[in-house]
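work10.cif follows; it contains mmCIF, C-alpha atoms and all ligand atoms.
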```cif
data_target
loop_
_atom_site.label_atom_id
_atom_site.label_comp_id
_atom_site.auth_asym_id
_atom_site.auth_seq_id
_atom_site.Cartn_x
_atom_site.Cartn_y
_atom_site.Cartn_z
CA MET A 11 -4.27 -23.41 12.18
CA ILE A 12 -5.56 -20.14 10.76
CA PRO A 13 -2.55 -18.08 9.64
CA PHE A 14 -2.64 -14.33 9.16
CA ASN A 15 -1.94 -14.58 5.44
CA LYS A 16 -1.70 -17.30 2.81
CA PRO A 17 -0.51 -16.79 -0.78
CA PHE A 18 -2.80 -18.31 -3.41
CA ILE A 19 -3.02 -19.30 -7.05
CA ILE A 20 -6.27 -18.58 -8.85
CA GLY A 21 -5.87 -19.20 -12.57
CA ASN A 22 -3.13 -19.48 -15.15
CA GLU A 23 -0.15 -18.48 -12.98
CA LEU A 24 1.86 -21.65 -13.59
CA ARG A 25 0.87 -21.95 -17.25
CA TYR A 26 1.96 -18.38 -17.97
CA ILE A 27 5.27 -18.89 -16.18
CA GLU A 28 5.85 -21.94 -18.37
CA GLU A 29 4.94 -19.88 -21.44
CA ALA A 30 7.38 -17.16 -20.44
CA VAL A 31 10.19 -19.65 -19.92
CA LYS A 32 9.50 -21.41 -23.22
CA SER A 33 9.36 -18.10 -25.10
CA GLY A 34 13.10 -17.77 -24.59
CA LYS A 35 12.94 -14.42 -22.77
CA ILE A 36 12.60 -14.23 -19.01
CA SER A 37 14.35 -10.92 -18.31
CA GLY A 38 12.23 -7.78 -17.94
CA ASP A 39 9.91 -5.86 -20.27
CA GLY A 40 8.67 -8.81 -22.31
CA LEU A 41 5.13 -9.72 -23.31
CA PHE A 42 3.72 -10.31 -19.80
CA THR A 43 5.19 -7.11 -18.35
CA LYS A 44 3.57 -5.15 -21.20
CA LYS A 45 0.24 -6.94 -20.72
CA CYS A 46 0.20 -6.08 -16.99
CA GLN A 47 1.09 -2.44 -17.63
CA GLN A 48 -1.61 -2.16 -20.29
CA PHE A 49 -4.17 -3.76 -17.99
CA PHE A 50 -3.63 -1.04 -15.38
CA GLU A 51 -3.49 1.82 -17.87
CA GLU A 52 -6.81 0.75 -19.36
CA LYS A 53 -8.71 -0.26 -16.24
CA TYR A 54 -7.75 2.63 -13.96
CA LYS A 55 -6.87 5.31 -16.56
CA PHE A 56 -3.30 5.52 -15.28
CA PRO A 57 -1.37 7.60 -17.87
CA LYS A 58 1.75 5.44 -17.55
CA VAL A 59 2.60 2.33 -15.56
CA LEU A 60 6.00 0.70 -15.09
CA LEU A 61 6.18 -2.63 -13.29
CA THR A 62 8.93 -2.77 -10.67
CA THR A 63 10.43 -5.39 -8.42
CA SER A 64 8.57 -3.98 -5.39
CA CYS A 65 6.59 -1.04 -4.10
CA THR A 66 9.72 -0.06 -2.20
CA ASP A 67 11.57 0.23 -5.52
CA ALA A 68 8.72 2.24 -7.04
CA LEU A 69 8.97 4.67 -4.11
CA GLU A 70 12.73 4.93 -4.61
CA MET A 71 12.15 5.73 -8.27
CA ALA A 72 9.65 8.42 -7.24
CA ALA A 73 12.23 9.94 -4.88
CA ILE A 74 14.74 10.19 -7.77
CA LEU A 75 12.05 11.65 -10.05
CA CYS A 76 11.30 14.32 -7.41
CA ASP A 77 15.03 15.18 -7.44
CA ILE A 78 15.33 14.84 -3.69
CA LYS A 79 18.53 16.44 -2.40
CA PRO A 80 20.00 16.46 1.12
CA GLY A 81 18.06 18.92 3.23
CA ASP A 82 14.77 18.58 1.36
CA GLU A 83 11.90 17.78 3.70
CA VAL A 84 9.41 15.01 3.00
CA ILE A 85 6.16 14.73 4.94
CA VAL A 86 5.24 11.14 5.80
CA PRO A 87 2.71 9.70 8.24
CA SER A 88 4.39 8.19 11.26
CA TYR A 89 1.98 5.26 11.09
CA THR A 90 3.26 3.53 7.95
CA PHE A 91 5.64 0.94 6.58
CA VAL A 92 9.37 1.74 6.64
CA SER A 93 9.63 2.11 2.84
CA SER A 94 7.35 5.18 2.67
CA ALA A 95 10.07 7.09 4.54
CA ASN A 96 13.22 5.12 3.72
CA ALA A 97 12.91 5.68 -0.04
CA PHE A 98 13.36 9.43 0.52
CA ALA A 99 15.87 9.11 3.37
CA LEU A 100 18.12 7.18 0.95
CA ARG A 101 18.40 10.36 -1.13
CA GLY A 102 19.27 12.48 1.89
CA ALA A 103 15.83 13.88 2.68
CA LYS A 104 14.86 14.94 6.15
CA ILE A 105 11.77 12.93 7.05
CA VAL A 106 9.05 14.93 8.81
CA PHE A 107 6.60 12.60 10.51
CA VAL A 108 3.03 13.76 11.06
CA ASP A 109 0.05 12.26 12.78
CA SER A 110 -3.01 10.28 11.70
CA TYR A 111 -6.59 11.18 12.45
CA LYS A 112 -7.82 10.12 15.85
CA ASP A 113 -10.20 7.48 14.50
CA ASN A 114 -8.50 6.58 11.20
CA PRO A 115 -4.82 5.68 10.60
CA ASN A 116 -4.60 7.89 7.47
CA ILE A 117 -2.58 11.12 7.49
CA ASP A 118 -4.49 14.19 8.72
CA PRO A 119 -4.25 17.12 6.22
CA GLU A 120 -4.48 19.64 9.09
CA GLU A 121 -1.33 18.08 10.56
CA ILE A 122 0.39 18.29 7.17
CA LYS A 123 -0.27 22.07 7.04
CA LYS A 124 1.36 22.57 10.43
CA HIS A 125 4.61 20.94 9.28
CA ILE A 126 5.22 22.68 5.95
CA THR A 127 8.40 24.79 5.76
CA SER A 128 10.30 26.44 2.91
CA ASN A 129 12.28 23.17 2.57
CA THR A 130 9.26 20.90 2.13
CA LYS A 131 9.32 19.15 -1.23
CA VAL A 132 7.04 16.12 -1.10
CA ILE A 133 3.95 14.82 0.71
CA VAL A 134 3.55 11.03 0.89
CA PRO A 135 -0.06 10.07 1.66
CA VAL A 136 -0.39 6.37 2.51
CA HIS A 137 -3.84 4.91 1.78
CA TYR A 138 -3.98 2.68 4.83
CA ALA A 139 -6.01 -0.51 4.38
CA GLY A 140 -6.76 0.68 0.83
CA VAL A 141 -8.99 3.48 2.16
CA ALA A 142 -8.28 6.84 0.52
CA CYS A 143 -6.60 9.72 2.29
CA ASP A 144 -8.36 13.05 1.76
CA MET A 145 -6.71 13.60 -1.61
CA GLU A 146 -8.58 16.79 -2.48
CA ALA A 147 -7.30 18.49 0.68
CA ILE A 148 -3.80 17.09 0.16
CA MET A 149 -3.60 18.12 -3.52
CA ASN A 150 -4.75 21.63 -2.58
CA ILE A 151 -2.02 21.94 0.04
CA ALA A 152 0.52 20.66 -2.51
CA LYS A 153 -0.64 23.16 -5.13
CA ASP A 154 -0.46 26.07 -2.66
CA HIS A 155 3.14 25.22 -1.76
CA ASN A 156 4.32 23.78 -5.07
CA LEU A 157 4.99 20.29 -3.69
CA PHE A 158 5.09 16.83 -5.18
CA VAL A 159 2.56 14.25 -4.00
CA VAL A 160 3.70 10.61 -4.05
CA GLU A 161 0.85 8.24 -3.18
CA ASP A 162 1.96 5.16 -1.29
CA ALA A 163 -0.81 3.03 -2.77
CA ALA A 164 0.80 -0.29 -1.78
CA GLN A 165 -2.51 -1.47 -0.29
CA ALA A 166 -4.83 0.52 -2.52
CA ILE A 167 -5.43 -1.45 -5.71
CA ASP A 168 -8.98 -1.12 -7.07
CA SER A 169 -9.94 1.67 -4.67
CA TYR A 170 -11.24 5.16 -5.46
CA TYR A 171 -11.54 8.73 -4.24
CA THR A 172 -14.48 11.02 -5.03
CA PHE A 173 -13.76 14.77 -5.25
CA SER A 174 -16.28 17.32 -4.00
CA ASP A 175 -17.41 18.00 -7.61
CA GLY A 176 -18.36 14.32 -7.96
CA THR A 177 -15.32 13.25 -10.04
CA LYS A 178 -14.26 9.75 -9.04
CA LYS A 179 -10.64 8.73 -9.59
CA ALA A 180 -8.71 5.55 -8.90
CA LEU A 181 -6.21 5.82 -6.06
CA GLY A 182 -2.80 6.10 -7.66
CA SER A 183 -4.02 8.43 -10.40
CA ILE A 184 -4.24 11.60 -8.29
CA GLY A 185 -0.72 12.48 -7.04
CA HIS A 186 2.26 13.09 -9.34
CA PHE A 187 3.45 9.53 -8.78
CA ALA A 188 2.07 6.45 -7.04
CA ALA A 189 3.59 3.18 -5.88
CA PHE A 190 1.70 -0.14 -5.64
CA SER A 191 2.74 -3.50 -4.21
CA PHE A 192 2.14 -7.10 -5.30
CA HIS A 193 3.83 -8.57 -2.23
CA GLU A 194 2.19 -11.81 -1.15
CA THR A 195 0.29 -10.04 1.64
CA LYS A 196 -1.58 -7.69 -0.74
CA ASN A 197 -4.85 -8.23 -2.64
CA ILE A 198 -3.16 -9.10 -5.96
CA ILE A 199 0.11 -10.93 -5.56
CA ALA A 200 3.27 -11.88 -7.43
CA GLY A 201 5.44 -12.93 -4.47
CA GLU A 202 7.46 -9.74 -4.58
CA GLY A 203 6.54 -7.06 -7.08
CA GLY A 204 5.25 -3.55 -7.52
CA MET A 205 4.59 -0.75 -9.94
CA LEU A 206 5.14 2.95 -10.38
CA VAL A 207 2.34 5.08 -11.82
CA ILE A 208 3.43 8.31 -13.52
CA ASN A 209 0.59 10.78 -13.88
CA ASP A 210 2.43 13.63 -15.62
CA ASN A 211 3.82 12.90 -19.11
CA LYS A 212 6.73 15.25 -18.40
CA TYR A 213 8.29 12.41 -16.35
CA PHE A 214 7.58 9.39 -18.60
CA GLU A 215 10.97 9.28 -20.28
CA ARG A 216 13.05 9.88 -17.18
CA ALA A 217 11.11 7.19 -15.28
CA GLU A 218 11.99 4.64 -17.97
CA ILE A 219 15.66 5.60 -17.76
CA ILE A 220 15.78 5.40 -13.95
CA ARG A 221 14.20 1.94 -14.10
CA GLU A 222 16.80 0.74 -16.64
CA LYS A 223 19.94 1.42 -14.54
CA GLY A 224 20.16 5.03 -15.72
CA THR A 225 20.34 4.05 -19.39
CA ASN A 226 18.13 4.89 -22.36
CA ARG A 227 17.78 1.21 -23.23
CA SER A 228 13.97 1.40 -23.48
CA ALA A 229 14.22 4.08 -26.18
CA PHE A 230 16.87 1.98 -27.93
CA PHE A 231 14.57 -1.06 -28.04
CA ARG A 232 11.87 1.12 -29.57
CA GLY A 233 14.33 2.19 -32.23
CA GLU A 234 14.33 5.83 -31.12
CA VAL A 235 18.12 5.98 -30.61
CA ASN A 236 20.76 3.85 -32.34
CA LYS A 237 22.81 3.05 -29.23
CA TYR A 238 22.13 3.21 -25.54
CA GLY A 239 24.28 4.41 -22.68
CA TRP A 240 24.44 5.93 -19.21
CA VAL A 241 22.39 9.13 -19.25
CA ASP A 242 21.06 9.60 -15.69
CA LEU A 243 20.85 8.08 -12.21
CA GLY A 244 19.05 4.78 -11.95
CA SER A 245 19.08 1.24 -10.75
CA SER A 246 17.75 -2.18 -11.72
CA PHE A 247 14.07 -1.83 -10.98
CA LEU A 248 12.39 -4.06 -13.56
CA PRO A 249 10.95 -7.46 -12.68
CA SER A 250 11.61 -10.61 -14.66
CA GLU A 251 8.94 -12.03 -16.97
CA ILE A 252 8.41 -14.87 -14.50
CA ILE A 253 7.03 -12.40 -11.97
CA SER A 254 4.95 -10.59 -14.58
CA ALA A 255 3.53 -13.87 -15.89
CA PHE A 256 2.33 -14.78 -12.40
CA LEU A 257 0.94 -11.28 -11.90
CA PHE A 258 -0.96 -11.26 -15.20
CA ALA A 259 -2.79 -14.46 -14.26
CA GLN A 260 -3.90 -12.75 -11.04
CA LEU A 261 -5.01 -9.63 -12.88
CA GLU A 262 -7.23 -11.68 -15.19
CA ASN A 263 -9.11 -12.66 -12.01
CA LEU A 264 -9.07 -9.30 -10.29
CA ASP A 265 -12.86 -8.94 -10.11
CA THR A 266 -13.29 -12.44 -8.65
CA ILE A 267 -10.58 -11.81 -6.07
CA GLN A 268 -12.08 -8.48 -5.09
CA ALA A 269 -15.64 -9.85 -4.81
CA LYS A 270 -14.42 -12.62 -2.52
CA ARG A 271 -12.45 -10.20 -0.35
CA ILE A 272 -15.42 -7.86 -0.01
CA ASP A 273 -17.52 -10.84 1.20
CA ILE A 274 -14.86 -11.69 3.80
CA TRP A 275 -14.70 -8.07 4.92
CA ASN A 276 -18.48 -7.80 5.27
CA ARG A 277 -18.69 -11.03 7.26
CA TYR A 278 -16.17 -9.63 9.75
CA LEU A 279 -18.17 -6.41 9.94
CA GLN A 280 -21.45 -8.23 10.63
CA GLY A 281 -19.86 -10.54 13.18
CA LEU A 282 -18.08 -7.82 15.16
CA LYS A 283 -20.50 -4.90 14.88
CA ALA A 284 -22.16 -5.60 18.20
CA LEU A 285 -18.81 -5.38 19.99
CA ALA A 286 -18.23 -1.97 18.40
CA ASP A 287 -21.74 -0.82 19.30
CA ASN A 288 -20.93 -1.70 22.90
CA ASN A 289 -17.61 0.20 22.70
CA PHE A 290 -15.38 -2.82 23.28
CA ILE A 291 -13.58 -2.22 20.00
CA GLN A 292 -13.46 0.34 17.19
CA LEU A 293 -14.03 -0.75 13.58
CA PRO A 294 -12.52 0.69 10.37
CA ILE A 295 -13.99 3.97 9.17
CA ILE A 296 -14.60 4.45 5.45
CA PRO A 297 -15.09 8.21 4.81
CA GLU A 298 -17.75 9.21 2.28
CA PHE A 299 -15.14 10.15 -0.32
CA ALA A 300 -13.50 6.71 -0.14
CA THR A 301 -14.27 3.17 -1.27
CA ASN A 302 -13.37 -0.08 0.46
CA ASN A 303 -11.10 -2.45 -1.50
CA ALA A 304 -11.13 -4.99 1.35
CA HIS A 305 -7.38 -5.02 1.70
CA MET A 306 -7.54 -5.76 5.40
CA PHE A 307 -9.87 -6.01 8.33
CA TYR A 308 -8.60 -4.49 11.54
CA ILE A 309 -10.07 -3.75 14.92
CA VAL A 310 -8.80 -1.14 17.37
CA CYS A 311 -8.69 -2.41 20.94
CA ARG A 312 -9.18 -0.18 23.98
CA ASN A 313 -5.59 -0.42 25.13
CA TYR A 314 -2.30 -2.24 24.65
CA ASP A 315 -2.82 -4.80 27.42
CA GLU A 316 -6.26 -5.80 26.21
CA ARG A 317 -4.88 -6.25 22.70
CA THR A 318 -2.07 -8.45 24.04
CA SER A 319 -4.52 -10.67 25.93
CA LEU A 320 -6.77 -10.90 22.87
CA ILE A 321 -3.80 -11.96 20.70
CA ASN A 322 -2.86 -14.62 23.25
CA PHE A 323 -6.46 -15.78 23.59
CA LEU A 324 -6.79 -16.21 19.81
CA LYS A 325 -3.42 -17.97 19.53
CA GLU A 326 -4.67 -20.56 22.02
CA SER A 327 -7.31 -21.39 19.39
CA ASP A 328 -4.61 -21.46 16.69
CA ILE A 329 -5.77 -18.18 15.16
CA HIS A 330 -2.95 -15.81 14.24
CA PRO A 331 -3.81 -12.11 14.09
CA VAL A 332 -1.02 -9.52 13.83
CA PHE A 333 -0.52 -6.00 15.07
CA HIS A 334 0.85 -3.49 12.62
CA TYR A 335 3.22 -0.57 12.33
CA LEU A 336 5.48 0.59 15.11
CA SER A 337 5.33 4.40 14.81
CA LEU A 338 8.38 5.34 12.73
CA ASN A 339 9.15 8.37 14.91
CA LYS A 340 9.94 5.84 17.65
CA SER A 341 12.13 3.65 15.44
CA GLU A 342 15.75 2.99 16.31
CA PHE A 343 16.92 4.50 13.01
CA PHE A 344 15.01 7.77 13.39
CA LEU A 345 15.93 8.21 17.06
CA LYS A 346 19.64 7.96 16.23
CA ASP A 347 19.56 11.48 14.75
CA ASN A 348 16.36 12.94 16.15
CA LEU A 349 14.75 13.67 19.47
CA GLU A 350 11.76 11.66 20.53
CA ILE A 351 8.62 13.47 19.36
CA ASP A 352 5.06 12.88 20.40
CA ILE A 353 2.66 11.65 17.72
CA PRO A 354 -0.27 10.45 19.82
CA ASN A 355 -2.76 9.05 17.31
CA SER A 356 -0.08 7.06 15.52
CA ASP A 357 1.04 5.68 18.88
CA HIS A 358 -2.55 4.73 19.67
CA PHE A 359 -2.78 2.61 16.49
CA THR A 360 0.65 1.14 17.19
CA ASP A 361 -0.57 0.00 20.60
CA CYS A 362 -4.16 -0.97 19.86
CA LEU A 363 -4.70 -1.91 16.19
CA LEU A 364 -5.07 -5.62 15.42
CA ARG A 365 -5.27 -7.12 11.91
CA LEU A 366 -7.38 -10.25 11.57
CA PRO A 367 -6.50 -13.19 9.29
CA PHE A 368 -7.42 -12.17 5.75
CA TYR A 369 -6.66 -14.10 2.56
CA TYR A 370 -8.41 -15.33 -0.55
CA GLU A 371 -8.81 -18.90 0.66
CA LEU A 372 -10.07 -18.05 4.16
CA SER A 373 -13.21 -20.17 4.49
CA GLU A 374 -16.53 -19.06 5.95
CA GLU A 375 -16.16 -21.72 8.63
CA GLN A 376 -12.71 -20.48 9.66
CA GLN A 377 -14.01 -16.95 9.72
CA GLN A 378 -16.96 -17.89 11.92
CA LYS A 379 -14.51 -19.46 14.35
CA ILE A 380 -12.44 -16.25 14.48
CA ILE A 381 -15.55 -14.09 15.01
CA GLN A 382 -16.90 -16.43 17.66
CA ARG A 383 -13.62 -16.48 19.59
CA ILE A 384 -13.35 -12.70 19.59
CA ASN A 385 -16.92 -12.39 20.88
CA THR A 386 -16.17 -14.96 23.59
CA PHE A 387 -13.11 -12.96 24.67
CA TYR A 388 -15.23 -9.88 25.28
CA GLN A 389 -18.12 -11.74 26.97
CA ASN A 390 -16.69 -11.31 30.46
CA LYS A 391 -15.22 -7.82 30.03
C1 LIG A 401 3.49 -3.45 1.60
C2 LIG A 401 3.76 -2.02 1.74
C3 LIG A 401 4.92 -1.42 1.22
C4 LIG A 401 6.05 -2.23 0.64
O1 LIG A 401 5.73 -2.97 -0.48
P1 LIG A 401 6.84 -3.94 -1.11
O2 LIG A 401 6.24 -4.33 -2.43
O3 LIG A 401 6.99 -5.09 -0.18
O4 LIG A 401 8.08 -3.16 -1.27
C5 LIG A 401 5.07 -0.06 1.29
N1 LIG A 401 4.13 0.72 1.87
C6 LIG A 401 3.00 0.19 2.40
C7 LIG A 401 1.98 1.09 2.99
C8 LIG A 401 2.79 -1.20 2.37
O5 LIG A 401 1.68 -1.71 2.89
#
```

Mind converting the file's structure to structure tokens?
Ligand SMILES: *Cc1c(COP(=O)(O)O)cnc(C)c1O
Amino acid sequence: MIPFNKPFIIGNELRYIEEAVKSGKISGDGLFTKKCQQFFEEKYKFPKVLLTTSCTDALEMAAILCDIKPGDEVIVPSYTFVSSANAFALRGAKIVFVDSYKDNPNIDPEEIKKHITSNTKVIVPVHYAGVACDMEAIMNIAKDHNLFVVEDAAQAIDSYYTFSDGTKKALGSIGHFAAFSFHETKNIIAGEGGMLVINDNKYFERAEIIREKGTNRSAFFRGEVNKYGWVDLGSSFLPSEIISAFLFAQLENLDTIQAKRIDIWNRYLQGLKALADNNFIQLPIIPEFATNNAHMFYIVCRNYDERTSLINFLKESDIHPVFHYLSLNKSEFFLKDNLEIDIPNSDHFTDCLLRLPFYYELSEEQQQKIIQRINTFYQNK
């Protein structure tokens, strides 16, 4: 059986968990949490990183930091995971869904422009498959209208954006805030886990407070105040040392993991290119300003029915691909209070996009089988 995803251990995960337990402190913000945060700050020049229990939590922290109030509008791609929108809806925001490009699931800046009103407060670009949105265009729109940009970088670890002047920046370091995920389906995993990146030092202190249940406990532990108490809104967003210990072992092997994933990605590309050349499928597009972090390999089928038959065909060979997001503008929750709106490109990806099995331990032999079966499926079309 070839599953869609398979969590893996690559180095010292279990040893570090044992170390954390034996150290006598397994709640948050211990040695391993600090090591992980430092790793990211150094490697990707993130001004400040706070580990969280999930990317969802990091997005919720960002929504509090943006001071979202009922009636504020937040622009989110319709083709994304629930959390990109839900984090802001929780604070009373009105979610304004906009469309993707025709040939790329990322949010289209021209569509963003059309949906800005005097109530717009935040834009949430989602770097789908770890491929950058057009951040220069998005940051310019945000500057013109005085908006926050919260990058949903859940899939975007170790990926970059190049500005038109040649400056290259890690995804997550460009907006005001960014949220990453270490869920077991991402490149670097910790089971559940995430982090918030804060790119403006004006928000460092408040972010710490929000993460510590609305208290200034972090400042207290640094000796900056002599008692701590309730000073702001917040929740319990910090992961235990057991999670951080696992994560740090993965981070020590980040380059190895990434090299392996790039190999897997390129093998899919080579094996399926001919089908794309013959217009049976569409392959991922990596714009010139973006890099490929090999988070996922997807194909876009010609229509919904063909995708369904391909899924069934592969399942007969015990290969388990998965489709992805159901356009959020068509979700039960959104339709309760809103009319059905038409977001055609997002709907197209909902109907036609198929994610192929992709995980660290996927063998070359398994991958050849997947590629061969897909080619066989299209032989008689
Ligand atoms: C995985 C994912 C999330 C959620 O991450 P969690 O860590 O599971 O909360 C949010 N947004 C996108 C785009 C994702 O891919």

Output as JSON lines one row per residue of chain A within 6 Å of ligand LIG 401 (chain A): the closest atom pair and its distance in Å to one decimal place, counting only C-alpha atoms and all ligand atoms, sorted by chain and residue number ascending.
```
{"residue": "A:Ser64", "atom": "CA", "partner": "A:LIG401", "partner_atom": "O2", "distance": 3.8}
{"residue": "A:Cys65", "atom": "CA", "partner": "A:LIG401", "partner_atom": "O2", "distance": 3.7}
{"residue": "A:Thr66", "atom": "CA", "partner": "A:LIG401", "partner_atom": "O4", "distance": 3.6}
{"residue": "A:Thr90", "atom": "CA", "partner": "A:LIG401", "partner_atom": "C7", "distance": 5.7}
{"residue": "A:Phe91", "atom": "CA", "partner": "A:LIG401", "partner_atom": "N1", "distance": 5.0}
{"residue": "A:Ser93", "atom": "CA", "partner": "A:LIG401", "partner_atom": "C5", "distance": 5.3}
{"residue": "A:Ser94", "atom": "CA", "partner": "A:LIG401", "partner_atom": "N1", "distance": 5.6}
{"residue": "A:Val136", "atom": "CA", "partner": "A:LIG401", "partner_atom": "C7", "distance": 5.8}
{"residue": "A:Asp162", "atom": "CA", "partner": "A:LIG401", "partner_atom": "N1", "distance": 5.9}
{"residue": "A:Ala164", "atom": "CA", "partner": "A:LIG401", "partner_atom": "C8", "distance": 4.7}
{"residue": "A:Gln165", "atom": "CA", "partner": "A:LIG401", "partner_atom": "O5", "distance": 5.3}
{"residue": "A:Ser191", "atom": "CA", "partner": "A:LIG401", "partner_atom": "O2", "distance": 4.0}
{"residue": "A:Phe192", "atom": "CA", "partner": "A:LIG401", "partner_atom": "O2", "distance": 5.7}
{"residue": "A:His193", "atom": "CA", "partner": "A:LIG401", "partner_atom": "O2", "distance": 4.9}
{"residue": "A:Glu202", "atom": "CA", "partner": "A:LIG401", "partner_atom": "O2", "distance": 5.9}
{"residue": "A:Gly203", "atom": "CA", "partner": "A:LIG401", "partner_atom": "O2", "distance": 5.4}
{"residue": "A:Gly204", "atom": "CA", "partner": "A:LIG401", "partner_atom": "O2", "distance": 5.2}
```

Saved selection, atoms kept: C-alpha atoms, as a CSV table (one decimal), keeping the file's coordinate frame:
```csv
chain,number,residue,atom,x,y,z
A,64,SER,CA,8.6,-4.0,-5.4
A,65,CYS,CA,6.6,-1.0,-4.1
A,66,THR,CA,9.7,-0.1,-2.2
A,90,THR,CA,3.3,3.5,8.0
A,91,PHE,CA,5.6,0.9,6.6
A,93,SER,CA,9.6,2.1,2.8
A,94,SER,CA,7.4,5.2,2.7
A,136,VAL,CA,-0.4,6.4,2.5
A,162,ASP,CA,2.0,5.2,-1.3
A,164,ALA,CA,0.8,-0.3,-1.8
A,165,GLN,CA,-2.5,-1.5,-0.3
A,191,SER,CA,2.7,-3.5,-4.2
A,192,PHE,CA,2.1,-7.1,-5.3
A,193,HIS,CA,3.8,-8.6,-2.2
A,202,GLU,CA,7.5,-9.7,-4.6
A,203,GLY,CA,6.5,-7.1,-7.1
A,204,GLY,CA,5.2,-3.6,-7.5
```

Given all atoms listed in the file as the counted atoms, nearest of A:Ile198, A:Ile296, A:Thr386, A:Asp39 to A:Ala259: A:Ile198

Residue nearest A:Phe158 - candidates A:Pro135, A:Gly38, A:Gly21, A:Gly102, atoms counted: all atoms listed in the file: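 Under the stated criterion, the closest residue is A:Pro135.
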
Atomic separation - atom CA of A:Lys104 relative to atom CA of A:Leu345, Å: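 It comes out at 12.9 Å.
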
Best match for closeness to A:Ile274 among A:Asp144, A:Glu28, A:Glu234, A:Glu374, counting all atoms listed in the file: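 Comparing A:Asp144, A:Glu28, A:Glu234, A:Glu374 against A:Ile274, the winner is A:Glu374.
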
Residues of stretch 124-236 of chain A within 8 Å of stretch 302-311 of chain A: nearest atom pair and distance (Å, one decimal) for each, counting only C-alpha atoms, sorted by chain and number, as CSV?
```
residue,atom,partner,partner_atom,distance
A:Ala139,CA,A:His305,CA,5.4
A:Gly140,CA,A:His305,CA,5.8
A:Val141,CA,A:Asn302,CA,5.9
A:Gln165,CA,A:His305,CA,6.3
A:Ala166,CA,A:Asn303,CA,7.0
A:Ile167,CA,A:Asn303,CA,7.1
A:Asp168,CA,A:Asn303,CA,6.1
A:Ser169,CA,A:Asn303,CA,5.3
A:Lys196,CA,A:His305,CA,6.8
A:Asn197,CA,A:His305,CA,6.0
```

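Using all atoms listed in the file, the nearest neighbour of A:Phe256 within the list A:Arg271, A:Lys379, A:Arg25, A:His334 is A:Arg25.
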
Polymer residues at most 6 Å from A:Ser250, all atoms listed in the file, same-chain spacing of 3 or more positions, as a PyMOL selection string: chain A and resi 36-38+253

Could you get me a file of stretch 87-128 of chain A with C-alpha atoms, as a JSON list (two decimals), in the first residue's frame, taken from the block above?
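Result file selection10.json:
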```json
[["chain", "number", "residue", "atom", "x", "y", "z"],
["A", 87, "PRO", "CA", -8.10, 33.08, -0.98],
["A", 88, "SER", "CA", -11.10, 30.81, -1.32],
["A", 89, "TYR", "CA", -8.78, 27.93, -2.19],
["A", 90, "THR", "CA", -7.16, 27.34, 1.20],
["A", 91, "PHE", "CA", -7.38, 25.46, 4.46],
["A", 92, "VAL", "CA", -10.14, 26.43, 6.90],
["A", 93, "SER", "CA", -7.74, 27.98, 9.44],
["A", 94, "SER", "CA", -6.61, 30.80, 7.12],
["A", 95, "ALA", "CA", -10.14, 32.21, 7.38],
["A", 96, "ASN", "CA", -11.38, 30.78, 10.68],
["A", 97, "ALA", "CA", -8.64, 32.47, 12.74],
["A", 98, "PHE", "CA", -10.03, 35.87, 11.73],
["A", 99, "ALA", "CA", -13.70, 34.84, 11.78],
["A", 100, "LEU", "CA", -13.21, 33.91, 15.46],
["A", 101, "ARG", "CA", -12.53, 37.59, 16.18],
["A", 102, "GLY", "CA", -15.64, 38.72, 14.32],
["A", 103, "ALA", "CA", -14.06, 39.58, 10.98],
["A", 104, "LYS", "CA", -16.01, 39.45, 7.76],
["A", 105, "ILE", "CA", -14.13, 37.08, 5.48],
["A", 106, "VAL", "CA", -13.85, 38.26, 1.87],
["A", 107, "PHE", "CA", -12.92, 35.37, -0.39],
["A", 108, "VAL", "CA", -11.04, 36.08, -3.61],
["A", 109, "ASP", "CA", -9.90, 33.93, -6.48],
["A", 110, "SER", "CA", -6.67, 32.20, -7.47],
["A", 111, "TYR", "CA", -4.89, 32.59, -10.76],
["A", 112, "LYS", "CA", -6.22, 30.45, -13.57],
["A", 113, "ASP", "CA", -3.15, 28.22, -13.73],
["A", 114, "ASN", "CA", -1.86, 28.50, -10.14],
["A", 115, "PRO", "CA", -3.81, 28.06, -6.88],
["A", 116, "ASN", "CA", -2.19, 31.14, -5.27],
["A", 117, "ILE", "CA", -4.19, 34.32, -4.66],
["A", 118, "ASP", "CA", -4.28, 36.74, -7.62],
["A", 119, "PRO", "CA", -3.24, 40.30, -6.60],
["A", 120, "GLU", "CA", -5.54, 41.79, -9.26],
["A", 121, "GLU", "CA", -8.46, 40.05, -7.54],
["A", 122, "ILE", "CA", -7.32, 41.41, -4.17],
["A", 123, "LYS", "CA", -7.46, 44.99, -5.54],
["A", 124, "LYS", "CA", -11.05, 44.52, -6.68],
["A", 125, "HIS", "CA", -12.19, 43.54, -3.18],
["A", 126, "ILE", "CA", -10.61, 46.25, -1.04],
["A", 127, "THR", "CA", -13.06, 48.52, 0.82],
["A", 128, "SER", "CA", -12.69, 51.09, 3.61]]
```
